[in-house]
Each structure stands twice: as C-alpha cells, then as structure tokens.
$ cat coords_17.tsv   # TSV, C-alpha atoms and all ligand atoms
chain	number	residue	atom	x	y	z
A	1	MET	CA	0.00	0.00	0.00
A	2	LEU	CA	1.04	3.56	-0.68
A	3	ARG	CA	0.28	6.35	1.76
A	4	ILE	CA	0.64	9.91	0.50
A	5	SER	CA	-0.49	13.34	1.61
A	6	ARG	CA	-3.11	15.22	-0.36
A	7	SER	CA	-0.60	17.91	-1.32
A	8	ASN	CA	1.99	15.42	-2.65
A	9	TYR	CA	-0.75	13.52	-4.46
A	10	ASP	CA	-2.01	16.72	-6.06
A	11	SER	CA	1.55	17.72	-6.94
A	12	LEU	CA	2.28	14.57	-8.94
A	13	ARG	CA	-1.08	14.81	-10.72
A	14	ARG	CA	-0.54	18.47	-11.57
A	15	HIS	CA	2.88	17.60	-12.97
A	16	GLY	CA	1.17	15.37	-15.53
A	17	GLU	CA	-1.07	18.25	-16.52
A	18	ALA	CA	1.88	20.63	-16.81
A	19	THR	CA	3.83	18.39	-19.20
A	20	TYR	CA	0.79	17.34	-21.27
A	21	PRO	CA	0.78	16.12	-24.07
A	22	TYR	CA	4.10	14.67	-22.93
A	23	GLU	CA	4.73	12.20	-20.13
A	24	SER	CA	5.78	13.54	-16.75
A	25	CYS	CA	7.92	11.57	-14.32
A	26	GLY	CA	9.32	11.83	-10.84
A	27	VAL	CA	10.48	10.16	-7.65
A	28	LEU	CA	8.59	9.35	-4.44
A	29	LEU	CA	10.65	9.66	-1.28
A	30	GLY	CA	9.76	8.47	2.18
A	31	GLN	CA	9.91	5.42	4.40
A	32	VAL	CA	8.85	1.82	4.19
A	33	ASN	CA	6.79	0.73	7.15
A	34	GLY	CA	6.07	-2.99	6.88
A	35	ASP	CA	3.91	-3.29	3.75
A	36	VAL	CA	3.23	0.44	3.57
A	37	ARG	CA	5.31	2.86	1.58
A	38	VAL	CA	4.85	6.26	3.15
A	39	VAL	CA	5.61	9.15	0.81
A	40	THR	CA	6.93	12.23	2.57
A	41	SER	CA	8.07	14.15	-0.49
A	42	VAL	CA	7.75	14.11	-4.25
A	43	ALA	CA	10.58	15.15	-6.59
A	44	ARG	CA	9.69	16.18	-10.14
A	45	CYS	CA	12.14	15.02	-12.78
A	46	GLY	CA	12.78	15.91	-16.37
A	47	ASN	CA	11.90	13.37	-19.06
A	48	THR	CA	15.08	12.54	-20.97
A	49	ARG	CA	13.13	10.87	-23.80
A	50	LYS	CA	13.11	13.93	-26.03
A	51	ASP	CA	12.78	11.59	-29.01
A	52	SER	CA	9.36	10.30	-27.93
A	53	PRO	CA	8.09	12.20	-24.87
A	54	GLN	CA	4.42	11.63	-25.73
A	55	ASN	CA	4.70	7.90	-24.95
A	56	ARG	CA	8.05	7.29	-23.22
A	57	TYR	CA	9.76	8.47	-20.07
A	58	ASN	CA	13.18	8.07	-18.61
A	59	ILE	CA	14.73	9.63	-15.52
A	60	ASP	CA	18.37	10.67	-15.77
A	61	PRO	CA	20.30	8.57	-13.21
A	62	LYS	CA	22.32	11.66	-12.41
A	63	GLU	CA	19.16	13.47	-11.40
A	64	LEU	CA	18.13	10.45	-9.35
A	65	ILE	CA	21.46	10.41	-7.51
A	66	ARG	CA	21.02	14.07	-6.63
A	67	ILE	CA	17.47	13.45	-5.37
A	68	GLN	CA	18.64	10.41	-3.43
A	69	ARG	CA	21.38	12.42	-1.76
A	70	GLY	CA	18.98	15.21	-0.80
A	71	GLY	CA	16.51	12.66	0.54
A	72	ARG	CA	19.07	10.95	2.72
A	73	GLU	CA	19.90	14.23	4.40
A	74	ARG	CA	16.25	14.37	5.46
A	75	GLY	CA	16.09	10.68	6.38
A	76	GLU	CA	14.13	9.75	3.26
A	77	ASP	CA	14.64	6.83	0.91
A	78	ILE	CA	13.33	6.16	-2.57
A	79	VAL	CA	10.02	4.32	-2.20
A	80	GLY	CA	8.63	4.69	-5.72
A	81	PHE	CA	8.22	6.62	-8.93
A	82	TYR	CA	5.42	8.22	-10.87
A	83	HIS	CA	4.68	9.03	-14.48
A	84	SER	CA	1.71	10.09	-16.58
A	85	HIS	CA	-0.12	8.62	-19.55
A	86	PRO	CA	-1.32	11.40	-21.85
A	87	ASP	CA	-4.71	10.39	-23.33
A	88	HIS	CA	-4.21	6.79	-22.22
A	89	PRO	CA	-5.58	4.78	-19.27
A	90	ALA	CA	-3.80	4.72	-15.91
A	91	ARG	CA	-2.74	1.09	-16.33
A	92	TRP	CA	0.80	-0.17	-16.76
A	93	SER	CA	1.88	-1.08	-20.27
A	94	PRO	CA	4.16	-3.95	-21.34
A	95	THR	CA	6.92	-1.33	-21.72
A	96	ASP	CA	6.31	-0.11	-18.16
A	97	LEU	CA	6.72	-3.65	-16.85
A	98	ALA	CA	9.74	-4.48	-19.00
A	99	GLU	CA	11.52	-1.33	-17.85
A	100	ALA	CA	10.59	-1.55	-14.15
A	101	HIS	CA	13.53	-2.74	-12.06
A	102	TRP	CA	12.97	-1.31	-8.58
A	103	PHE	CA	11.49	-4.30	-6.78
A	104	GLY	CA	9.38	-3.49	-3.75
A	105	CYS	CA	8.80	0.06	-4.97
A	106	SER	CA	5.56	1.71	-6.07
A	107	TYR	CA	4.96	2.76	-9.67
A	108	VAL	CA	2.24	5.40	-9.79
A	109	ILE	CA	0.52	6.17	-13.09
A	110	THR	CA	-1.86	9.07	-13.78
A	111	SER	CA	-4.00	9.28	-16.88
A	112	VAL	CA	-4.18	12.79	-18.28
A	113	GLU	CA	-7.05	13.34	-20.69
A	114	LYS	CA	-7.07	16.47	-22.80
A	115	GLY	CA	-4.74	18.11	-20.33
A	116	ARG	CA	-6.59	17.15	-17.15
A	117	ALA	CA	-5.43	14.52	-14.65
A	118	VAL	CA	-8.17	11.90	-14.35
A	119	THR	CA	-7.24	8.61	-12.69
A	120	THR	CA	-4.22	7.81	-10.55
A	121	ASN	CA	-3.33	4.18	-9.81
A	122	SER	CA	-0.40	2.61	-8.05
A	123	PHE	CA	1.32	-0.70	-8.70
A	124	GLU	CA	3.94	-2.46	-6.65
A	125	LEU	CA	6.76	-4.17	-8.53
A	126	THR	CA	6.77	-7.62	-6.94
A	127	GLY	CA	9.19	-10.50	-7.31
A	128	SER	CA	12.94	-10.35	-7.08
A	129	GLU	CA	14.07	-11.50	-10.51
A	130	GLU	CA	13.61	-10.08	-13.99
A	131	ASN	CA	11.84	-13.33	-14.85
A	132	GLY	CA	8.53	-13.47	-13.07
A	133	LYS	CA	8.35	-9.84	-11.98
A	134	LYS	CA	4.85	-8.32	-11.79
A	135	LEU	CA	3.23	-4.93	-11.37
A	136	VAL	CA	0.45	-5.54	-8.87
A	137	ASP	CA	-2.42	-3.15	-8.09
A	138	GLU	CA	-2.05	-1.56	-4.69
A	139	GLU	CA	-4.20	0.66	-2.55
A	140	VAL	CA	-3.42	4.38	-2.40
A	141	GLU	CA	-4.33	6.01	0.88
A	142	ILE	CA	-4.53	9.77	0.68
A	143	ASP	CA	-3.76	11.15	4.09
A	144	LEU	CA	-5.33	14.56	4.58
A	145	PHE	CA	-3.40	15.32	7.74
A	146	MET	CA	0.02	14.02	6.84
A	147	GLY	CA	2.73	16.57	6.25
A	148	ARG	CA	0.86	19.39	7.97
A	149	THR	CA	2.93	21.45	10.33
B	150	MET	CA	38.02	2.73	0.98
B	151	THR	CA	35.23	3.58	-1.40
B	152	LYS	CA	31.57	3.80	-0.52
B	153	ILE	CA	29.05	2.05	-2.76
B	154	HIS	CA	25.48	3.22	-2.46
B	155	ILE	CA	22.97	0.38	-2.75
B	156	PRO	CA	19.51	1.16	-4.18
B	157	THR	CA	16.49	0.19	-2.06
B	158	PRO	CA	15.53	-2.98	-4.02
B	159	LEU	CA	19.00	-4.49	-3.64
B	160	ARG	CA	19.42	-3.89	0.09
B	161	GLN	CA	17.81	-7.23	0.86
B	162	TYR	CA	21.10	-8.70	-0.41
B	163	THR	CA	23.37	-6.45	1.68
B	164	ALA	CA	21.79	-7.14	5.08
B	165	LYS	CA	19.78	-3.89	4.70
B	166	GLN	CA	22.89	-1.71	4.39
B	167	ALA	CA	22.42	1.38	2.22
B	168	ASP	CA	26.18	1.87	1.90
B	169	VAL	CA	28.91	-0.71	1.69
B	170	GLN	CA	32.59	0.18	2.13
B	171	VAL	CA	34.79	-1.64	-0.35
B	172	LYS	CA	38.41	-1.83	-1.44
B	173	GLY	CA	39.94	-1.67	-4.88
B	174	GLY	CA	41.73	0.52	-7.36
B	175	THR	CA	39.10	0.46	-10.09
B	176	VAL	CA	35.32	0.45	-10.36
B	177	GLY	CA	35.52	-3.22	-11.39
B	178	ASP	CA	37.60	-4.09	-8.31
B	179	ALA	CA	35.16	-2.24	-6.08
B	180	LEU	CA	32.19	-4.12	-7.56
B	181	SER	CA	34.05	-7.43	-7.22
B	182	ASP	CA	34.76	-6.69	-3.57
B	183	LEU	CA	31.08	-5.80	-3.10
B	184	THR	CA	29.85	-9.06	-4.62
B	185	ALA	CA	32.49	-11.03	-2.67
B	186	ARG	CA	31.06	-9.56	0.53
B	187	HIS	CA	27.47	-10.01	-0.61
B	188	PRO	CA	27.40	-12.90	-3.12
B	189	ASP	CA	23.61	-12.82	-3.58
B	190	LEU	CA	23.96	-9.43	-5.25
B	191	ARG	CA	25.94	-10.83	-8.11
B	192	ARG	CA	23.17	-12.21	-10.29
B	193	HIS	CA	21.17	-9.01	-9.87
B	194	LEU	CA	24.03	-6.91	-11.23
B	195	TYR	CA	25.55	-9.21	-13.84
B	196	THR	CA	24.26	-11.42	-16.64
B	197	GLU	CA	25.22	-15.09	-16.78
B	198	GLU	CA	28.01	-14.07	-19.15
B	199	GLY	CA	29.39	-11.80	-16.43
B	200	LYS	CA	28.47	-8.49	-18.06
B	201	LEU	CA	26.81	-5.70	-16.12
B	202	ARG	CA	23.09	-5.83	-16.84
B	203	SER	CA	22.00	-3.20	-19.35
B	204	PHE	CA	19.57	-1.53	-16.94
B	205	VAL	CA	22.14	-1.27	-14.13
B	206	ASN	CA	23.79	2.12	-14.21
B	207	VAL	CA	27.00	2.55	-12.26
B	208	TYR	CA	28.01	6.09	-11.38
B	209	LEU	CA	31.33	7.22	-10.00
B	210	ASN	CA	30.46	10.37	-8.08
B	211	ASP	CA	28.42	12.22	-10.76
B	212	ASP	CA	29.60	10.35	-13.84
B	213	ASP	CA	28.30	7.31	-15.67
B	214	VAL	CA	31.24	4.88	-15.81
B	215	ARG	CA	30.16	3.90	-19.35
B	216	TYR	CA	31.47	7.29	-20.43
B	217	LEU	CA	34.65	6.97	-18.37
B	218	GLN	CA	36.77	3.83	-18.68
B	219	LYS	CA	33.89	1.55	-17.69
B	220	GLU	CA	34.94	-1.03	-15.09
B	221	ALA	CA	38.61	-0.10	-15.59
B	222	THR	CA	37.90	3.43	-14.31
B	223	ALA	CA	40.36	4.26	-11.53
B	224	ILE	CA	38.99	5.23	-8.13
B	225	LYS	CA	40.55	6.95	-5.15
B	226	ASP	CA	39.83	7.08	-1.45
B	227	GLY	CA	36.67	8.97	-0.65
B	228	ASP	CA	35.00	8.36	-4.00
B	229	ASN	CA	31.34	7.43	-4.06
B	230	ILE	CA	29.94	4.78	-6.35
B	231	SER	CA	26.18	4.57	-6.90
B	232	ILE	CA	24.30	1.65	-8.39
B	233	VAL	CA	21.17	2.99	-10.06
B	234	PRO	CA	18.75	0.66	-11.84
B	235	SER	CA	17.14	2.58	-14.69
B	236	ILE	CA	13.74	4.23	-14.34
B	237	ALA	CA	11.83	4.26	-17.58
B	238	GLY	CA	8.67	3.17	-19.32
B	239	GLY	CA	6.01	4.26	-21.73
B	240	ARG	CA	2.36	3.93	-22.43
B	241	SER	CA	2.56	1.63	-25.45
C	1	ZN	ZN	3.54	4.09	-18.50
$ encode --input "coords_17.tsv" --output "structure tokens" --more "lines below"
Ligand SMILES: [Zn+2]
Amino acid sequence: MLRISRSNYDSLRRHGEATYPYESCGVLLGQVNGDVRVVTSVARCGNTRKDSPQNRYNIDPKELIRIQRGGRERGEDIVGFYHSHPDHPARWSPTDLAEAHWFGCSYVITSVEKGRAVTTNSFELTGSEENGKKLVDEEVEIDLFMGRT
Amino acid sequence: MTKIHIPTPLRQYTAKQADVQVKGGTVGDALSDLTARHPDLRRHLYTEEGKLRSFVNVYLNDDDVRYLQKEATAIKDGDNISIVPSIAGGRS
C-alpha cells in the first residue's frame, strides 16, 4: 500500500497536466513501514526521452542520484516513482513492466485526458528476478493530515 | 576505501545496508569486492556471461562509468559509487 499526503498527491497529478501532451515523471521519497510505503516528499524530474516524450519516459540517473542524496539528508529513501499517460488509461503497459527494475517500490501512473489529470493508480513491482516480476495493483491512501505542520 | 550506495531494491542482499565500504583501485575491483562480501547481489548486477546488466547504471560520483573507462575506471579514497537501476517506461 502507498500512503501519500493530499498535497503530494495533487503535486504529482498536476505535474502530468503541466507536461501534457508529454509524459511527466518523478520520484517518491519516504519510508517503508512494513507493507506500507509512506511518501513524505515528491521530486519532479525531467523526461530525458526527447525523441518520444508523448509515450516514453526516462529519468536521468544523475538526477536520481542528486534526489537520493537530498533525501538521505532528510532521512528519506526512494520508495517509488510516478509518471503520466497522456490520453491513455492509468494502467501499466508492457513497456512499463519491462523497464521496471525497482522491486518493492511503487509505480504510480496518472492518466491525463485532454490536459486534465483523471485517474491515478499505483502498482507495486513484486518479485525479485527479472523473470517473473509483476506490477500488482495496490491501494493508495490519501492522508489529509500528513505533512501538515 | 570507497563507498558504494545500494539502491532500495538491492538492500535485501546487503543485510539492509544502504552503503557498503569496499576496497579496490578500479570500479571493477570495487564491484568485485562488493559481490564477494554479498554474493547474492551478483546475479542481480551481472548477466550469466558476467556483463553488467543493461539496466544497471554505475556512477562514479556524478559520472556514468560507461562514459569513463567503464569497469577499468580508476577510483581513489573517498569516492562514491552509486548503483542505479534505470527508471523508464512508456504507455505503449
Ligand atoms: Zn507508462
């Protein structure tokens, strides 16, 4: 299960609207608590797939390393990623599965229709080997009070 | 000693450690020392032919070792190596 504050949830959905008709992508930072991945911050990333940004995304590892470093200073780890599907359902595609390698992390997908974020779903990458890995539907709990100070 | 940062999915093979201190004069030596200490990591980083898997990015500080001298890239004390599985996908 993924637990995320309303403001972080809105932020990743808005990112998909901002980059429409191209795919947005980013990193979810937080802590793993048993079976729950708790997101405490969301980092927007650039999409390096300038050749096909309407249906592909890729996060620059260099950007990820920087985000990772910043997260560690705040006691956060990488717990997942998000991206958007412009004018396409919020379900993982064969490409999404083939290119998912972060086992035990959440992969959040938002459908953006005509520039507006519609559905957001999350999938956990289960398994531990490239053969037999699966993206499995998981519950998203939007915590209205989390992150308020 | 060189510090290798382990990404979250691979920490189950390093007894939950996020960083592993290793020895060696090159990136290849450092990775060999890492997999000698944590043998279960090996098949997640390398193919059966012993090549680094295509989706496993290895960075020395801020540089992709593919654009340096790959596994022969020299390292010095205090360097940081990061293992970063790629993050990509697409709707079709
Ligand atoms: Zn996708």
$ interface_residues --input "coords_17.tsv" --of "chain B" --to "chain A" --cutoff "12 Å" --atoms "all atoms listed in the file" --output "JSON, numbers by chain"
{"B": [154, 155, 156, 157, 158, 159, 160, 161, 162, 167, 168, 189, 190, 192, 193, 194, 195, 196, 202, 203, 204, 205, 206, 207, 208, 209, 210, 211, 212, 213, 214, 229, 230, 231, 232, 233, 234, 235, 236, 237, 238, 239, 240, 241]}
$ atom_distance --input "coords_17.tsv" --atom1 "CA of Val140 in chain A" --atom2 "CA of Gly75 in chain A"
22.3 Å
$ residues_around --input "coords_17.tsv" --residues "Gly227 in chain B" --least-positions-apart "3" --cutoff "12 Å" --atoms "only C-alpha atoms" --output "list in words"
Met150, Thr151, Lys152, Ile153, Gln170, Val171, Lys172, Gly173, Gly174, Leu209, Asn210, Ile224 and Ile230 of chain B
$ atom_distance --input "coords_17.tsv" --atom1 "CA of Val118 in chain A" --atom2 "CA of Glu76 in chain A"
28.5 Å
$ atom_distance --input "coords_17.tsv" --atom1 "CA of Ile67 in chain A" --atom2 "CA of Ala43 in chain A"
7.2 Å
$ closest_residue --input "coords_17.tsv" --among "A:Tyr22, A:Asn33, A:Glu141, A:Arg74" --to "ligand ZN 1 (chain C)" --atoms "all atoms listed in the file"
A:Tyr22
$ build_atoms --input "coords_17.tsv" --residues "range 65-87 of chain A" --atoms "N, CA, C and O atoms" --output "PDB file, in the frame of the given file"
ATOM      1  N   ILE A  65      20.422  10.413  -8.545  1.00  0.00           N
ATOM      2  CA  ILE A  65      21.460  10.410  -7.510  1.00  0.00           C
ATOM      3  C   ILE A  65      21.374  11.681  -6.675  1.00  0.00           C
ATOM      4  O   ILE A  65      21.480  11.652  -5.454  1.00  0.00           O
ATOM      5  N   ARG A  66      21.131  12.791  -7.351  1.00  0.00           N
ATOM      6  CA  ARG A  66      21.020  14.070  -6.630  1.00  0.00           C
ATOM      7  C   ARG A  66      19.809  14.048  -5.687  1.00  0.00           C
ATOM      8  O   ARG A  66      19.886  14.467  -4.531  1.00  0.00           O
ATOM      9  N   ILE A  67      18.685  13.527  -6.175  1.00  0.00           N
ATOM     10  CA  ILE A  67      17.470  13.450  -5.370  1.00  0.00           C
ATOM     11  C   ILE A  67      17.676  12.522  -4.174  1.00  0.00           C
ATOM     12  O   ILE A  67      17.278  12.805  -3.045  1.00  0.00           O
ATOM     13  N   GLN A  68      18.354  11.403  -4.459  1.00  0.00           N
ATOM     14  CA  GLN A  68      18.640  10.410  -3.430  1.00  0.00           C
ATOM     15  C   GLN A  68      19.476  11.026  -2.302  1.00  0.00           C
ATOM     16  O   GLN A  68      19.211  10.822  -1.132  1.00  0.00           O
ATOM     17  N   ARG A  69      20.481  11.792  -2.722  1.00  0.00           N
ATOM     18  CA  ARG A  69      21.380  12.420  -1.760  1.00  0.00           C
ATOM     19  C   ARG A  69      20.608  13.422  -0.886  1.00  0.00           C
ATOM     20  O   ARG A  69      20.728  13.431   0.334  1.00  0.00           O
ATOM     21  N   GLY A  70      19.786  14.233  -1.539  1.00  0.00           N
ATOM     22  CA  GLY A  70      18.980  15.210  -0.800  1.00  0.00           C
ATOM     23  C   GLY A  70      18.032  14.511   0.165  1.00  0.00           C
ATOM     24  O   GLY A  70      17.844  14.949   1.302  1.00  0.00           O
ATOM     25  N   GLY A  71      17.446  13.405  -0.295  1.00  0.00           N
ATOM     26  CA  GLY A  71      16.510  12.660   0.540  1.00  0.00           C
ATOM     27  C   GLY A  71      17.179  12.099   1.776  1.00  0.00           C
ATOM     28  O   GLY A  71      16.635  12.165   2.877  1.00  0.00           O
ATOM     29  N   ARG A  72      18.381  11.578   1.590  1.00  0.00           N
ATOM     30  CA  ARG A  72      19.070  10.950   2.720  1.00  0.00           C
ATOM     31  C   ARG A  72      19.379  11.955   3.815  1.00  0.00           C
ATOM     32  O   ARG A  72      19.363  11.619   4.988  1.00  0.00           O
ATOM     33  N   GLU A  73      19.638  13.199   3.394  1.00  0.00           N
ATOM     34  CA  GLU A  73      19.900  14.230   4.400  1.00  0.00           C
ATOM     35  C   GLU A  73      18.660  14.502   5.249  1.00  0.00           C
ATOM     36  O   GLU A  73      18.760  14.991   6.360  1.00  0.00           O
ATOM     37  N   ARG A  74      17.496  14.182   4.696  1.00  0.00           N
ATOM     38  CA  ARG A  74      16.250  14.370   5.460  1.00  0.00           C
ATOM     39  C   ARG A  74      15.728  13.039   6.004  1.00  0.00           C
ATOM     40  O   ARG A  74      14.601  12.959   6.487  1.00  0.00           O
ATOM     41  N   GLY A  75      16.520  11.986   5.877  1.00  0.00           N
ATOM     42  CA  GLY A  75      16.090  10.680   6.380  1.00  0.00           C
ATOM     43  C   GLY A  75      15.074   9.989   5.489  1.00  0.00           C
ATOM     44  O   GLY A  75      14.314   9.136   5.946  1.00  0.00           O
ATOM     45  N   GLU A  76      15.079  10.366   4.192  1.00  0.00           N
ATOM     46  CA  GLU A  76      14.130   9.750   3.260  1.00  0.00           C
ATOM     47  C   GLU A  76      14.850   8.809   2.288  1.00  0.00           C
ATOM     48  O   GLU A  76      15.981   9.077   1.895  1.00  0.00           O
ATOM     49  N   ASP A  77      14.141   7.772   1.898  1.00  0.00           N
ATOM     50  CA  ASP A  77      14.640   6.830   0.910  1.00  0.00           C
ATOM     51  C   ASP A  77      13.727   6.861  -0.312  1.00  0.00           C
ATOM     52  O   ASP A  77      12.603   7.343  -0.231  1.00  0.00           O
ATOM     53  N   ILE A  78      14.191   6.263  -1.393  1.00  0.00           N
ATOM     54  CA  ILE A  78      13.330   6.160  -2.570  1.00  0.00           C
ATOM     55  C   ILE A  78      12.324   5.029  -2.335  1.00  0.00           C
ATOM     56  O   ILE A  78      12.724   3.896  -2.048  1.00  0.00           O
ATOM     57  N   VAL A  79      11.043   5.350  -2.400  1.00  0.00           N
ATOM     58  CA  VAL A  79      10.020   4.320  -2.200  1.00  0.00           C
ATOM     59  C   VAL A  79       9.198   4.070  -3.466  1.00  0.00           C
ATOM     60  O   VAL A  79       8.403   3.135  -3.525  1.00  0.00           O
ATOM     61  N   GLY A  80       9.375   4.910  -4.480  1.00  0.00           N
ATOM     62  CA  GLY A  80       8.630   4.690  -5.720  1.00  0.00           C
ATOM     63  C   GLY A  80       8.870   5.793  -6.736  1.00  0.00           C
ATOM     64  O   GLY A  80       9.714   6.679  -6.547  1.00  0.00           O
ATOM     65  N   PHE A  81       8.091   5.701  -7.802  1.00  0.00           N
ATOM     66  CA  PHE A  81       8.220   6.620  -8.930  1.00  0.00           C
ATOM     67  C   PHE A  81       6.823   6.912  -9.463  1.00  0.00           C
ATOM     68  O   PHE A  81       5.886   6.158  -9.202  1.00  0.00           O
ATOM     69  N   TYR A  82       6.707   7.983 -10.213  1.00  0.00           N
ATOM     70  CA  TYR A  82       5.420   8.220 -10.870  1.00  0.00           C
ATOM     71  C   TYR A  82       5.663   8.668 -12.301  1.00  0.00           C
ATOM     72  O   TYR A  82       6.739   9.167 -12.632  1.00  0.00           O
ATOM     73  N   HIS A  83       4.662   8.455 -13.136  1.00  0.00           N
ATOM     74  CA  HIS A  83       4.680   9.030 -14.480  1.00  0.00           C
ATOM     75  C   HIS A  83       3.248   9.173 -14.959  1.00  0.00           C
ATOM     76  O   HIS A  83       2.317   8.708 -14.298  1.00  0.00           O
ATOM     77  N   SER A  84       3.076   9.875 -16.075  1.00  0.00           N
ATOM     78  CA  SER A  84       1.710  10.090 -16.580  1.00  0.00           C
ATOM     79  C   SER A  84       1.533   9.424 -17.930  1.00  0.00           C
ATOM     80  O   SER A  84       2.504   9.145 -18.635  1.00  0.00           O
ATOM     81  N   HIS A  85       0.259   9.158 -18.243  1.00  0.00           N
ATOM     82  CA  HIS A  85      -0.120   8.620 -19.550  1.00  0.00           C
ATOM     83  C   HIS A  85      -1.034   9.632 -20.236  1.00  0.00           C
ATOM     84  O   HIS A  85      -2.218   9.681 -19.947  1.00  0.00           O
ATOM     85  N   PRO A  86      -0.481  10.430 -21.135  1.00  0.00           N
ATOM     86  CA  PRO A  86      -1.320  11.400 -21.850  1.00  0.00           C
ATOM     87  C   PRO A  86      -2.337  10.687 -22.749  1.00  0.00           C
ATOM     88  O   PRO A  86      -1.952   9.869 -23.597  1.00  0.00           O
ATOM     89  N   ASP A  87      -3.611  10.970 -22.536  1.00  0.00           N
ATOM     90  CA  ASP A  87      -4.710  10.390 -23.330  1.00  0.00           C
ATOM     91  C   ASP A  87      -4.596   8.863 -23.417  1.00  0.00           C
ATOM     92  O   ASP A  87      -4.736   8.270 -24.497  1.00  0.00           O
TER      93      ASP A  87
END
